[in-house]
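Structure file entry_3.csv (CSV, C-alpha atoms and all ligand atoms) follows.
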```csv
chain,number,residue,atom,x,y,z
A,69,MET,CA,0.0,0.0,0.0
A,70,GLU,CA,1.2,3.5,-0.8
A,71,LYS,CA,2.6,5.3,2.3
A,72,THR,CA,0.8,8.6,3.1
A,73,ILE,CA,1.3,11.5,5.5
A,74,GLY,CA,-1.5,13.7,6.8
A,75,VAL,CA,-1.1,17.5,6.4
A,76,GLY,CA,-3.0,20.2,8.4
A,77,MET,CA,-2.7,23.8,7.5
A,78,ILE,CA,-3.6,27.0,9.4
A,79,GLY,CA,-4.6,30.0,7.3
A,80,TYR,CA,-6.4,30.3,4.0
A,81,ALA,CA,-5.6,33.8,2.7
A,82,PHE,CA,-2.8,34.5,0.1
A,83,MET,CA,-0.2,32.1,1.5
A,84,GLY,CA,-2.8,29.5,2.4
A,85,ARG,CA,-3.9,29.4,-1.2
A,86,ALA,CA,-0.3,29.2,-2.4
A,87,HIS,CA,0.6,26.4,0.0
A,88,SER,CA,-2.6,24.5,-0.8
A,89,ASN,CA,-1.7,24.5,-4.4
A,90,GLY,CA,1.8,23.2,-3.5
A,91,TRP,CA,0.4,20.4,-1.4
A,92,ARG,CA,-2.2,19.5,-4.1
A,93,GLN,CA,0.4,19.2,-6.9
A,94,VAL,CA,3.5,17.8,-5.2
A,95,GLY,CA,2.4,14.1,-5.1
A,96,HIS,CA,1.2,14.3,-8.6
A,97,PHE,CA,4.4,15.5,-10.2
A,98,PHE,CA,7.1,14.2,-8.0
A,99,ASP,CA,7.7,10.5,-7.1
A,100,LEU,CA,7.7,10.8,-3.3
A,101,PRO,CA,8.5,8.3,-0.6
A,102,MET,CA,5.2,9.2,1.0
A,103,LYS,CA,2.2,10.9,-0.4
A,104,PRO,CA,0.8,14.0,1.4
A,105,VAL,CA,-2.9,13.9,2.1
A,106,MET,CA,-4.6,17.3,2.6
A,107,LYS,CA,-6.5,16.5,5.7
A,108,THR,CA,-7.6,19.7,7.5
A,109,ILE,CA,-7.5,23.4,6.9
A,110,CYS,CA,-7.9,25.7,9.8
A,111,GLY,CA,-9.2,29.3,10.2
A,112,ARG,CA,-11.2,31.5,12.6
A,113,ASN,CA,-14.3,32.0,10.4
A,114,LYS,CA,-16.3,28.8,10.0
A,115,ALA,CA,-18.1,29.8,6.8
A,116,ALA,CA,-14.9,31.1,5.1
A,117,VAL,CA,-12.7,28.2,6.1
A,118,THR,CA,-15.4,25.7,5.0
A,119,ALA,CA,-15.5,27.4,1.6
A,120,ALA,CA,-11.7,27.4,1.5
A,121,ALA,CA,-11.5,23.7,2.2
A,122,LYS,CA,-13.8,23.1,-0.7
A,123,THR,CA,-12.1,25.3,-3.2
A,124,MET,CA,-8.5,24.4,-2.2
A,125,GLY,CA,-9.0,20.7,-1.9
A,126,TRP,CA,-8.9,19.9,1.9
A,127,GLU,CA,-10.9,17.0,3.3
A,128,LYS,CA,-12.0,18.9,6.4
A,129,ALA,CA,-12.4,22.5,7.8
A,130,GLU,CA,-11.7,23.3,11.4
A,131,THR,CA,-11.9,26.5,13.5
A,132,ASP,CA,-9.8,25.2,16.5
A,133,TRP,CA,-6.1,25.0,15.5
A,134,MET,CA,-5.2,23.2,18.8
A,135,LYS,CA,-7.7,20.5,18.0
A,136,MET,CA,-6.3,20.1,14.5
A,137,ILE,CA,-2.7,20.0,15.7
A,138,ASN,CA,-3.5,17.2,18.1
A,139,ASP,CA,-5.4,15.1,15.6
A,140,PRO,CA,-3.4,11.8,15.2
A,141,GLN,CA,-4.2,11.8,11.5
A,142,ILE,CA,-2.0,14.9,11.1
A,143,GLN,CA,1.8,14.5,10.9
A,144,VAL,CA,2.7,17.8,9.3
A,145,VAL,CA,1.5,21.2,10.5
A,146,ASP,CA,1.8,24.1,8.0
A,147,ILE,CA,1.5,27.6,9.5
A,148,CYS,CA,0.4,30.3,7.1
A,149,THR,CA,-0.8,33.0,9.5
A,150,PRO,CA,0.7,36.5,10.3
A,151,GLY,CA,3.9,36.4,12.3
A,152,ASN,CA,2.5,37.1,15.7
A,153,GLU,CA,0.8,33.7,15.7
A,154,HIS,CA,3.7,31.6,14.5
A,155,LYS,CA,5.3,30.9,17.9
A,156,PRO,CA,2.3,29.6,19.9
A,157,MET,CA,1.2,27.4,16.9
A,158,ALA,CA,4.7,26.1,16.2
A,159,LEU,CA,5.3,25.3,19.8
A,160,ALA,CA,2.0,23.4,20.2
A,161,ALA,CA,2.7,21.5,17.0
A,162,LEU,CA,6.3,20.6,18.1
A,163,LYS,CA,5.0,19.6,21.5
A,164,ALA,CA,2.6,17.2,19.8
A,165,GLY,CA,5.6,15.7,17.8
A,166,LYS,CA,4.5,17.1,14.4
A,167,HIS,CA,6.8,18.2,11.6
A,168,VAL,CA,6.3,21.9,11.0
A,169,VAL,CA,6.4,24.2,8.0
A,170,CYS,CA,6.2,27.9,9.0
A,171,GLU,CA,5.8,30.9,6.8
A,172,LYS,CA,8.5,33.6,6.9
A,173,PRO,CA,9.8,35.4,8.8
A,174,LEU,CA,9.9,32.6,11.3
A,175,ALA,CA,8.8,34.9,14.0
A,176,ASN,CA,8.3,38.6,14.7
A,177,THR,CA,11.3,38.7,17.1
A,178,LEU,CA,14.7,36.9,17.4
A,179,ALA,CA,13.8,35.7,20.9
A,180,GLU,CA,10.6,34.0,19.6
A,181,ALA,CA,12.4,32.5,16.7
A,182,LYS,CA,15.1,31.0,19.0
A,183,GLU,CA,12.4,29.5,21.3
A,184,MET,CA,10.9,27.8,18.2
A,185,ALA,CA,14.2,26.5,17.0
A,186,GLN,CA,15.1,25.2,20.4
A,187,ALA,CA,11.7,23.4,20.7
A,188,ALA,CA,12.2,21.9,17.3
A,189,LYS,CA,15.6,20.6,18.3
A,190,GLU,CA,14.1,19.0,21.4
A,191,ALA,CA,11.2,17.5,19.5
A,192,GLY,CA,13.6,15.9,16.9
A,193,VAL,CA,11.2,16.5,14.1
A,194,ARG,CA,11.7,18.2,10.7
A,195,THR,CA,11.1,21.9,10.2
A,196,LEU,CA,11.0,24.2,7.3
A,197,THR,CA,11.0,28.1,7.3
A,198,ALA,CA,9.1,28.7,4.0
A,199,PHE,CA,11.6,30.9,2.2
A,200,ASN,CA,10.3,29.6,-1.1
A,201,TYR,CA,12.7,31.4,-3.4
A,202,ARG,CA,15.5,28.9,-2.7
A,203,ARG,CA,13.3,26.6,-4.8
A,204,VAL,CA,13.2,28.7,-8.0
A,205,PRO,CA,15.1,26.4,-10.4
A,206,ALA,CA,17.3,29.4,-11.6
A,207,ILE,CA,18.3,30.2,-8.0
A,208,ALA,CA,19.1,26.5,-7.2
A,209,LEU,CA,21.2,26.5,-10.4
A,210,ALA,CA,23.0,29.7,-9.3
A,211,LYS,CA,23.8,27.8,-6.0
A,212,GLN,CA,25.2,24.9,-8.0
A,213,MET,CA,27.3,27.3,-10.2
A,214,ILE,CA,28.7,29.1,-7.1
A,215,GLU,CA,29.6,25.7,-5.5
A,216,GLN,CA,31.3,24.6,-8.7
A,217,GLY,CA,33.5,27.8,-8.4
A,218,LEU,CA,32.2,29.4,-11.5
A,219,LEU,CA,32.0,32.9,-9.9
A,220,GLY,CA,35.4,32.5,-8.1
A,221,THR,CA,35.8,34.7,-5.0
A,222,ILE,CA,32.6,36.6,-4.3
A,223,TYR,CA,33.0,40.3,-3.9
A,224,HIS,CA,29.5,41.8,-4.1
A,225,TRP,CA,25.9,40.9,-3.3
A,226,ARG,CA,23.4,43.5,-4.5
A,227,ALA,CA,19.7,42.8,-3.9
A,228,VAL,CA,16.4,44.6,-4.0
A,229,TYR,CA,12.9,43.5,-3.3
A,230,LEU,CA,10.5,46.2,-4.6
A,231,GLN,CA,6.7,46.5,-4.5
A,232,ASP,CA,4.3,49.4,-4.8
A,233,TRP,CA,1.0,48.2,-3.5
A,234,ILE,CA,0.7,50.7,-0.6
A,235,ILE,CA,2.0,53.8,-2.4
A,236,ASP,CA,-1.6,55.3,-2.4
A,237,PRO,CA,-2.0,57.2,0.9
A,238,LYS,CA,-5.6,56.1,0.9
A,239,PHE,CA,-4.7,52.4,1.0
A,240,PRO,CA,-6.1,51.1,4.3
A,241,LEU,CA,-4.3,50.2,7.5
A,242,VAL,CA,-4.1,46.4,6.8
A,243,TRP,CA,-2.4,43.9,9.2
A,244,ARG,CA,0.8,44.1,7.3
A,245,LEU,CA,1.1,47.7,8.5
A,246,LYS,CA,0.7,46.9,12.2
A,247,LYS,CA,3.8,46.1,14.2
A,248,GLU,CA,1.9,44.0,16.8
A,249,VAL,CA,0.7,41.7,14.0
A,250,ALA,CA,3.4,41.7,11.3
A,251,GLY,CA,6.4,42.6,13.4
A,252,SER,CA,7.8,44.9,10.8
A,253,GLY,CA,7.0,46.2,7.3
A,254,PRO,CA,8.9,45.3,4.1
A,255,HIS,CA,11.9,44.5,6.3
A,256,GLY,CA,10.4,41.2,7.7
A,257,ASP,CA,8.3,40.6,4.6
A,258,LEU,CA,10.8,41.3,1.8
A,259,ASN,CA,14.3,41.9,3.2
A,260,ALA,CA,13.7,38.5,5.0
A,261,HIS,CA,13.6,36.8,1.6
A,262,ILE,CA,16.7,38.5,0.1
A,263,THR,CA,18.6,38.0,3.4
A,264,ASP,CA,17.8,34.3,3.3
A,265,LEU,CA,19.0,34.1,-0.3
A,266,ALA,CA,22.2,36.0,0.5
A,267,ARG,CA,22.9,33.5,3.3
A,268,TYR,CA,22.2,30.6,0.9
A,269,LEU,CA,24.2,31.9,-2.0
A,270,VAL,CA,27.0,34.0,-0.4
A,271,GLY,CA,27.3,33.0,3.3
A,272,GLU,CA,26.7,34.3,6.8
A,273,ILE,CA,26.4,38.1,7.5
A,274,THR,CA,28.4,39.4,10.4
A,275,GLU,CA,27.7,43.2,10.5
A,276,VAL,CA,25.1,45.6,9.2
A,277,VAL,CA,24.1,49.2,9.0
A,278,GLY,CA,20.6,50.2,8.0
A,279,MET,CA,18.0,52.9,7.6
A,280,GLY,CA,14.2,52.8,7.3
A,281,LYS,CA,11.4,55.2,6.9
A,282,THR,CA,7.6,55.4,7.2
A,283,PHE,CA,6.5,57.7,4.4
A,284,ILE,CA,2.8,57.7,5.1
A,285,LYS,CA,2.3,57.8,8.9
A,286,THR,CA,-1.5,57.4,9.1
A,287,ARG,CA,-4.0,55.5,7.0
A,288,PRO,CA,-7.7,54.8,6.8
A,289,VAL,CA,-8.7,52.1,9.3
A,290,GLN,CA,-9.8,48.9,7.6
A,291,GLU,CA,-13.5,47.9,8.0
A,292,ALA,CA,-12.6,44.3,8.5
A,293,LEU,CA,-9.3,42.5,8.9
A,294,ALA,CA,-9.7,39.9,6.3
A,295,ASP,CA,-7.7,39.1,3.3
A,296,GLY,CA,-4.0,39.8,4.0
A,297,GLY,CA,-4.1,43.3,2.5
A,298,LEU,CA,-4.5,43.8,-1.1
A,299,GLY,CA,-7.8,45.2,-2.2
A,300,ALA,CA,-9.1,45.6,1.4
A,301,LYS,CA,-11.9,48.3,2.0
A,302,ALA,CA,-11.0,51.4,3.9
A,303,GLY,CA,-13.2,53.4,6.3
A,304,THR,CA,-13.0,57.1,7.0
A,305,LYS,CA,-11.3,57.0,10.4
A,306,LYS,CA,-7.5,57.1,10.4
A,307,GLY,CA,-5.0,55.0,12.4
A,308,LYS,CA,-1.2,55.0,12.9
A,309,VAL,CA,1.1,53.0,10.6
A,310,THR,CA,3.5,51.3,13.1
A,311,VAL,CA,5.9,49.7,10.7
A,312,GLU,CA,8.4,51.1,8.2
A,313,ASP,CA,7.5,51.6,4.5
A,314,ALA,CA,11.1,51.0,3.3
A,315,MET,CA,14.2,49.6,4.8
A,316,LEU,CA,17.7,49.6,3.3
A,317,PHE,CA,20.9,48.1,4.6
A,318,LEU,CA,24.6,47.4,3.9
A,319,ALA,CA,26.2,44.2,5.1
A,320,LYS,CA,29.6,42.6,5.6
A,321,PHE,CA,29.8,38.8,5.0
A,322,ALA,CA,32.1,36.5,7.0
A,323,ASN,CA,33.9,35.5,3.7
A,324,GLY,CA,34.8,39.1,3.0
A,325,ALA,CA,32.1,40.0,0.5
A,326,LEU,CA,30.1,43.2,0.7
A,327,GLY,CA,26.3,43.4,0.4
A,328,SER,CA,23.5,45.8,-0.1
A,329,PHE,CA,19.8,45.2,0.4
A,330,GLU,CA,16.7,47.3,-0.3
A,331,ALA,CA,13.0,46.5,0.5
A,332,THR,CA,10.2,48.9,-0.2
A,333,ARG,CA,6.5,49.0,-1.0
A,334,PHE,CA,6.8,52.4,-2.5
A,335,ALA,CA,8.7,51.6,-5.8
A,336,ALA,CA,6.1,52.8,-8.3
A,337,GLY,CA,5.8,50.4,-11.1
A,338,ARG,CA,7.6,47.5,-9.3
A,339,LYS,CA,5.1,44.9,-8.5
A,340,ASN,CA,7.1,42.0,-7.1
A,341,PHE,CA,10.6,42.9,-8.2
A,342,ASN,CA,12.9,40.5,-6.3
A,343,SER,CA,16.3,40.7,-7.9
A,344,PHE,CA,19.9,40.2,-7.1
A,345,GLU,CA,23.3,40.4,-8.7
A,346,ILE,CA,26.4,38.6,-7.5
A,347,ASN,CA,29.9,39.6,-8.7
A,348,GLY,CA,32.8,37.3,-8.3
A,349,SER,CA,36.4,37.2,-9.5
A,350,LYS,CA,35.5,34.9,-12.4
A,351,GLY,CA,32.1,36.3,-13.3
A,352,SER,CA,28.6,37.4,-12.3
A,353,ILE,CA,25.1,36.1,-12.0
A,354,VAL,CA,21.9,38.2,-12.2
A,355,PHE,CA,18.4,37.0,-11.2
A,356,ASN,CA,15.0,38.8,-11.4
A,357,LEU,CA,11.9,37.1,-10.2
A,358,GLU,CA,9.8,38.8,-12.8
A,359,ARG,CA,11.7,36.6,-15.3
A,360,LEU,CA,12.1,33.6,-13.0
A,361,ASN,CA,12.9,31.0,-15.6
A,362,GLU,CA,16.1,32.9,-16.6
A,363,LEU,CA,19.5,33.4,-15.1
A,364,GLN,CA,22.0,36.0,-16.5
A,365,TYR,CA,25.6,34.8,-16.4
A,366,PHE,CA,28.8,36.6,-17.3
A,367,ASN,CA,32.0,34.7,-17.6
A,368,ARG,CA,35.2,36.7,-17.6
A,369,ARG,CA,37.1,33.9,-19.4
A,370,ASP,CA,35.0,34.3,-22.6
A,371,ASP,CA,36.8,35.8,-25.6
A,372,ALA,CA,37.5,39.4,-24.7
A,373,ASN,CA,35.9,40.6,-28.0
A,374,LEU,CA,32.7,38.6,-27.4
A,375,GLN,CA,32.1,39.3,-23.8
A,376,GLY,CA,28.6,40.0,-22.4
A,377,PHE,CA,25.9,38.4,-20.2
A,378,ARG,CA,24.3,35.3,-21.5
A,379,THR,CA,20.7,34.3,-20.7
A,380,ILE,CA,20.4,30.7,-19.4
A,381,LEU,CA,16.8,29.4,-19.8
A,382,CYS,CA,16.5,27.2,-16.7
A,383,ASN,CA,14.0,24.6,-18.0
A,384,GLU,CA,16.3,21.8,-19.0
A,385,GLY,CA,15.5,18.3,-17.5
A,386,GLY,CA,19.0,18.2,-15.8
A,387,GLN,CA,18.5,21.5,-14.0
A,388,PRO,CA,17.1,21.6,-10.5
A,389,TYR,CA,13.5,20.4,-10.1
A,390,ASN,CA,12.8,20.4,-13.8
A,391,SER,CA,12.7,16.6,-14.4
A,392,ALA,CA,9.1,16.7,-13.0
A,393,TRP,CA,7.8,19.4,-15.3
A,394,TRP,CA,7.5,20.1,-19.0
A,395,PRO,CA,9.7,19.6,-22.0
A,396,SER,CA,12.7,21.9,-22.5
A,397,GLY,CA,11.7,25.6,-22.6
A,398,HIS,CA,8.1,25.1,-21.4
A,399,ILE,CA,8.4,27.5,-18.6
A,400,ILE,CA,7.1,27.3,-15.0
A,401,GLY,CA,5.9,29.9,-12.5
A,402,TRP,CA,6.0,31.4,-9.0
A,403,GLU,CA,3.6,28.7,-7.6
A,404,HIS,CA,6.0,25.9,-8.4
A,405,THR,CA,8.4,27.1,-5.7
A,406,PHE,CA,5.9,25.9,-3.1
A,407,THR,CA,5.6,22.5,-4.7
A,408,HIS,CA,9.4,22.2,-4.7
A,409,GLU,CA,9.7,23.1,-1.1
A,410,PHE,CA,7.1,20.5,-0.1
A,411,LYS,CA,8.9,17.9,-2.3
A,412,ASP,CA,12.2,18.5,-0.4
A,413,PHE,CA,10.3,18.6,2.9
A,414,ILE,CA,8.5,15.2,2.4
A,415,GLU,CA,11.8,13.6,1.3
A,416,ALA,CA,13.5,15.0,4.4
A,417,ILE,CA,10.8,13.6,6.7
A,418,ALA,CA,11.2,10.2,5.0
A,419,ALA,CA,15.0,10.3,5.2
A,420,LYS,CA,14.8,11.6,8.8
A,421,LYS,CA,17.3,14.3,7.8
A,422,ASP,CA,16.9,18.1,7.9
A,423,THR,CA,16.2,20.1,4.7
A,424,MET,CA,17.0,23.7,4.3
A,425,PRO,CA,16.0,26.3,5.3
A,426,ASN,CA,15.0,24.9,8.7
A,427,PHE,CA,14.1,26.8,11.9
A,428,GLU,CA,17.8,27.3,12.6
A,429,ASP,CA,18.1,29.1,9.3
A,430,GLY,CA,15.0,31.1,10.2
A,431,VAL,CA,16.8,32.2,13.4
A,432,LYS,CA,19.9,33.2,11.6
A,433,THR,CA,17.9,35.4,9.1
A,434,GLN,CA,16.0,36.9,12.0
A,435,ALA,CA,19.2,37.8,13.8
A,436,VAL,CA,20.3,39.8,10.7
A,437,LEU,CA,16.9,41.5,10.4
A,438,GLU,CA,17.0,42.4,14.1
A,439,ALA,CA,20.6,43.7,13.9
A,440,VAL,CA,19.5,46.0,11.0
A,441,MET,CA,16.6,47.4,13.1
A,442,ALA,CA,19.0,48.1,16.0
A,443,SER,CA,21.4,49.7,13.6
A,444,ALA,CA,18.7,52.0,12.2
A,445,ASP,CA,17.7,53.0,15.7
A,446,LYS,CA,21.2,53.7,16.9
A,447,LYS,CA,22.4,55.1,13.5
A,448,LYS,CA,25.5,53.0,13.5
A,449,TRP,CA,27.0,49.6,12.5
A,450,VAL,CA,25.7,46.6,14.5
A,451,LYS,CA,27.2,43.1,14.8
A,452,VAL,CA,24.9,40.2,14.0
A,453,THR,CA,24.6,38.1,17.2
A,454,ILE,CA,22.3,35.2,18.0
B,501,LIG,C1,3.6,40.4,0.2
B,501,LIG,O1,4.2,41.6,0.3
B,501,LIG,C2,4.3,39.2,-0.3
B,501,LIG,O2,3.3,38.4,-0.5
B,501,LIG,C3,5.2,38.5,0.7
B,501,LIG,O3,4.6,38.2,1.9
B,501,LIG,C4,5.7,37.2,0.1
B,501,LIG,O4,6.5,36.5,0.9
B,501,LIG,C5,6.4,37.5,-1.2
B,501,LIG,O5,6.8,36.3,-1.8
B,501,LIG,C6,5.6,38.3,-2.1
B,501,LIG,O6,5.0,39.5,-1.5
```
Kindly transcribe the structure held in the file into structure tokens.
Ligand code: SOE
Amino acid sequence: MEKTIGVGMIGYAFMGRAHSNGWRQVGHFFDLPMKPVMKTICGRNKAAVTAAAKTMGWEKAETDWMKMINDPQIQVVDICTPGNEHKPMALAALKAGKHVVCEKPLANTLAEAKEMAQAAKEAGVRTLTAFNYRRVPAIALAKQMIEQGLLGTIYHWRAVYLQDWIIDPKFPLVWRLKKEVAGSGPHGDLNAHITDLARYLVGEITEVVGMGKTFIKTRPVQEALADGGLGAKAGTKKGKVTVEDAMLFLAKFANGALGSFEATRFAAGRKNFNSFEINGSKGSIVFNLERLNELQYFNRRDDANLQGFRTILCNEGGQPYNSAWWPSGHIIGWEHTFTHEFKDFIEAIAAKKDTMPNFEDGVKTQAVLEAVMASADKKKWVKVTI
């Protein structure tokens, strides 16, 4: 009989939909040691979570997450809620001996993240901090190229993550703009992603200096906290924005490389522009999520008269994750990154070995983010400490 593993998920908004799609697809495209079964989806609103279960393909809807976590049919708990709820949910799931997937950033503070990683260590289960961009085939290929030494000594990491969805001052005060819920603004939401990628591709960050700004200080209060932000309706009363609108920082890596990071929701025209460039002694790599099937590569050894960046189309069977998908050149999308992370996670559970990025990685990224915040407050360089 085919081996199965029961999954329970908390949250059904944007990330809940993306994760549901990943869980739905993964067992159909990849040959897995155990097949995930989408058992239960959990949310506060009974009618909404029941509808979500139906549309997203879950067997059952539940309003009590503790009950779901303790259900013996569930072995994996997937947390897709805002950051302020990550810790209690993860700790309960770990206490119940479940494997845990948690959306990024792992927690709203370093102290919370450390508590979660410690509990995971004690529970001896598998964890995943859902930094999905590590599973873009082009980025996994970049990692292989760096490991093969194709870039040589890395000198520079230059990354931006730019969006523009709150540039209108009339955009309401959604949960992502409230510190007590989201922890921070684009720093924890977007810099978290590019910090995780920097750690993955270049190495650990030792020291940072940052600055942030809230451009629009008050916004119309939202009528109902519902959908994770985009398209929410605003009332006439105004409330205070308690997170930054943009956060930039410079970083020193342990291996001697220098890095720059920028995250903003005020870059007019940039919708989900997650891009980085790495410059090494032998060449460079450029990635841009808006063209996620491509990797730009410059090789200094090329004939001096013919030098320039080449575009690698990352859809060949031999390249990371592509054996499961379409024939050469038949491109894939953003949603595939979630399918890929669940493939690796299920394989890790079966092999009883950790996959990356686990909760320890979540902690290391959180430590960088927190050092940047401290640096912006103190207006000086801050060492990254855990
Ligand atoms: C919203 O700003 C957001 O959805 C992030 O929360 C995601 O992590 C990122 O992938 C896209 O933008």
Report as a VMD selection string which protein, DNA and RNA residues come within 8 Å of ligand LIG 501 (chain B), using all atoms listed in the file.
chain A and resid 82 to 83 172 199 to 201 231 254 257 to 258 261 333 340
So that I have them on file, write out the residues from the current selection with C-alpha atoms, as a PDB file, in the frame of the given file.
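File again_22.pdb, as written:
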```
ATOM      1  CA  PHE A  82      -2.800  34.500   0.100  1.00  0.00           C
ATOM      2  CA  MET A  83      -0.200  32.100   1.500  1.00  0.00           C
ATOM      3  CA  LYS A 172       8.500  33.600   6.900  1.00  0.00           C
ATOM      4  CA  PHE A 199      11.600  30.900   2.200  1.00  0.00           C
ATOM      5  CA  ASN A 200      10.300  29.600  -1.100  1.00  0.00           C
ATOM      6  CA  TYR A 201      12.700  31.400  -3.400  1.00  0.00           C
ATOM      7  CA  GLN A 231       6.700  46.500  -4.500  1.00  0.00           C
ATOM      8  CA  PRO A 254       8.900  45.300   4.100  1.00  0.00           C
ATOM      9  CA  ASP A 257       8.300  40.600   4.600  1.00  0.00           C
ATOM     10  CA  LEU A 258      10.800  41.300   1.800  1.00  0.00           C
ATOM     11  CA  HIS A 261      13.600  36.800   1.600  1.00  0.00           C
ATOM     12  CA  ARG A 333       6.500  49.000  -1.000  1.00  0.00           C
ATOM     13  CA  ASN A 340       7.100  42.000  -7.100  1.00  0.00           C
TER      14      ASN A 340
END
```
Applying 6 Å and all atoms listed in the file, which residues near Leu241 (chain A) remain after dropping the ones on its own chain fewer than 5 positions away? List them as a PDB file with C-alpha atoms, in the coordinates of the input.
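What follows is the written file selection_31.pdb:
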```
ATOM      1  CA  ARG A 287      -4.000  55.500   7.000  1.00  0.00           C
ATOM      2  CA  PRO A 288      -7.700  54.800   6.800  1.00  0.00           C
ATOM      3  CA  VAL A 289      -8.700  52.100   9.300  1.00  0.00           C
ATOM      4  CA  GLN A 290      -9.800  48.900   7.600  1.00  0.00           C
TER       5      GLN A 290
END
```
Neighbours of Leu437 (chain A) within 12 Å (only C-alpha atoms; same-chain residues fewer than 3 positions away dropped), as JSON, numbers by chain?
{"A": [173, 174, 175, 176, 177, 178, 181, 251, 252, 253, 254, 255, 256, 257, 258, 259, 260, 261, 262, 263, 264, 273, 274, 275, 276, 277, 278, 279, 315, 316, 317, 318, 319, 329, 331, 430, 431, 432, 433, 434, 440, 441, 442, 443, 444, 450, 451, 452, 453, 454]}
Would you please work out which residue, of A:Leu360, A:Met424, A:Ala188, A:Val242, is nearest to Gly303 (chain A) when using all atoms listed in the file?
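Between A:Leu360, A:Met424, A:Ala188, A:Val242, the residue approaching Gly303 (chain A) most closely is A:Val242.
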Figure out the distance between CA of Thr108 (chain A) and CA of Glu130 (chain A), please, to one decimal in Å.
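Going from CA of Glu130 (chain A) over to CA of Thr108 (chain A), I get 6.7 Å.
CA of His87 (chain A) lies 15.7 Å from CA of Ala129 (chain A).
The space between CA of Thr195 (chain A) and CA of Phe427 (chain A) spans 6.0 Å.
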Neighbouring residues of Gly76 (chain A) were defined as those with any atom within 10 Å, considering only C-alpha atoms; residues of the same chain fewer than 4 positions away were excluded. Please report them as a PyMOL selection string.
chain A and resi 105-110+126-130+133+136-137+139+141-147+168
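Between Glu190 (chain A) and the residues A:His404, A:Lys163, A:Lys308, A:Lys281, the shortest atom-to-atom distance, using all atoms listed in the file, involves A:Lys163.
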Tell me which protein, DNA and RNA residues are within 10 Å of Ala120 (chain A), counting all atoms listed in the file, leaving out same-chain ones fewer than 3 positions away, and put them as a PyMOL selection string.
chain A and resi 79-81+84-85+88+109-111+114-117+123-126+128-129
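Each of A:Thr131, A:Asn138, A:Asn347, A:Ser328 was compared to Ile222 (chain A) using all atoms listed in the file, and A:Asn347 turns out to be the nearest.
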